[in-house]
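Novice: Submitted below is the structure of interest, expressed as structure tokens.
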Amino acid sequence: MEEFHKVRRLPPYVFEQVNRLKASARAGGADIIDLGMGNPDLPTPKAIVDKLCEVVQDPRTHRYSSSKGIPGLRRAQAAYYARRFGVKLNPDTQIVATLGSKEGFANMAQAITAPGDVVLCPNPTYPIHAFGFLMTGGVIRSISVEPDETFFPPLERAVRHSIPKPLALILNYPSNPTAHVASLDFYKDVIAFAKKHDIIVLSDLAYSEIYFDGPPPPSVLEVPGAMDIAVEFTSMSKTFSMPGWRMGFAVGNERLISALTRVKSYLDYGAFTPIQVAATHALNGDGSDIAEVRSVYKRRRDVLVESFGKAGFEVPPPAATMFAWAKIPEKFRAMGSLEFSKLLVEKADIAVAPGIGFGEQGDDYVRIALVENEHRIRQAARNLKRFLSTADDTMHNVISLNAHR
Ligand SMILES: Cc1ncc(COP(=O)(O)O)c(C=O)c1O
């Protein structure tokens with residue numbers, strides 16, 4: 001029987017292959033150190049959990065909630081944008097709460113895309129950026145992920161040679177998986193470009209608060225006039241270690257927010273009210289929880305870079321996000337990121353995410369998530385050192401075979 005049209009456009013998740021291998025190694029008793037999925041391991045701060053427990057006792061909160069988010073939650077998000085970015089938002093028309101930023105992004109794609117619409121999407125990038133549009137019949141044109149002057153010449157070419165003219169441009173800084181951080185000047189140039197060509201800008205700012213060096217990442221909405229064409233997505237998953245709670249936001253241009261709100265009003269009744277109230281409490285907090293999360297990831301990053309480097313695997317220190325994006329050591333590169341990731345599970349008891357899962361431009365890399373504690377990261381480095389130091393003797397078949405690809 002033929003596969004459904006939509007399902008055909010969704011290849012099996014590449015990460016699944018590594019996950020399956022990981023599960024079978026664990027079933028065989030291996031202690032796999034899992035630096036693969038970007039699934040935060042830190043507990044949600046106690047005050048947020050306590051608020052949820054308190055509110056859930058009130059039966060009035062058990063009814064359907066508000067799809068666009070309860071007013072207090074939208075006001076708290078407006079206050080966050082004012083405080084953190086100096087951006088003024090109308091909570092009634094420029095903010096909608098989403099079931100995590102992933103849902104918001106995917107339904108925005110659904111709301112605005114007609115079959116055949118062209119969308120400019122970084123490569124490599126977080127998969128929903130491309131697949132959100134592919135699912136709705138859109139067409140993806142890959143663009144660079146590097147937020148510098150090299151970004152624009154290929155972008156100009158992509159716009160000139162796209163028929164129809166592109167509908168939207170995706171930004172994701174700090175980037176998953178590459179950890180690139182964009183400056184406000186870069187955003188100014190992107191907004192000027194997008195306005196000139198009448199292109200919508202969708203910015204995924206899921207890692208707004210996970211930064212270590214340099215100034216805090218800006219919002220694209222800080223650019224004067226960005227509100228005319230841009231929407232930005234933020235997430236509570238990483239900032240407040242709330243990935244399972246499914247709480248995020250889309251903010252910005254009224255027409256776009258209204259389109260997303262309309263689609264969502266047909267699809268969902270919003271997050272469970274106690275979750276929305278607890279999220280409001282989190283956003284209205286004093287920021288100390290966020291500082292703590294940031295410092296945990298920073299320490300892990302430092303341990304990762306130092307210990308993996310000593311083990312013979314150079315990892316550039318990410319300035320932000322909870323990921324390092326590391327080039328596969330030269331002698332393994334030709335085998336590709338999926339095979340290399342499988343090898344790490346089998347021979348070094350380490351799971352990482354193969355770069356190919358983020359797009360073809362990612363195949364020389366693996367993404368290493370900072371989701372195990374410092375002790376476990378050091379253990380991973382010891383495993384890696386053992387693997388790398390014996391690889392020449394034990395892997396000659398694998399390496400030479402794949403080098404001929
Ligand atoms: C860039 C990016 N956007 C969105 C998400 C999804 O976040 P949420 O849990 O808010 O859906 C992630 C999660 O890994 C991410 O890395």
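In the structure tokens, the first chain shown is A, the next is B, and so on; residue numbers restart at 1 for each chain, and ligands run from 1 in the order shown.
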Could the residues that lie within 8 Å of ligand 1, counting only C-alpha atoms and all ligand atoms, be listed as a ChimeraX atom specification?

Specialist: /A:38-39,99-104,125-126,128,172-177,204-207,233-238,242-244,246-248

Novice: Write out as an MDAnalysis selection string all residues of stretch 158-191 of chain A that backbone DSSP assigns to helix (DSSP H, G or I).

Specialist: chainID A and resid 158:160 184:191

Novice: What's the separation between atom CA of A:Ala79 and atom CA of A:Ile95, in Å to one decimal place?

Specialist: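 Separation between atom CA of A:Ala79 and atom CA of A:Ile95: 11.4 Å.
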
Novice: Would you pick out the contacts of stretch 189-198 of chain A at 8 Å or less, using only C-alpha atoms, so that residues sharing its chain but fewer than 6 positions from it are not included, and give the list as a ChimeraX atom specification?

Specialist: /A:169,223,226,229

Novice: Using only C-alpha atoms, which protein or nucleic acid residues come within 9 Å of A:Pro166? Drop anything in the same chain fewer than 6 positions from it, and give the result as a list in words.

Specialist: Asp117, Val118, Val119, Leu120, Arg141, Ala158, Val159, His197, Asp198, Ile199 and Ile200 of chain A
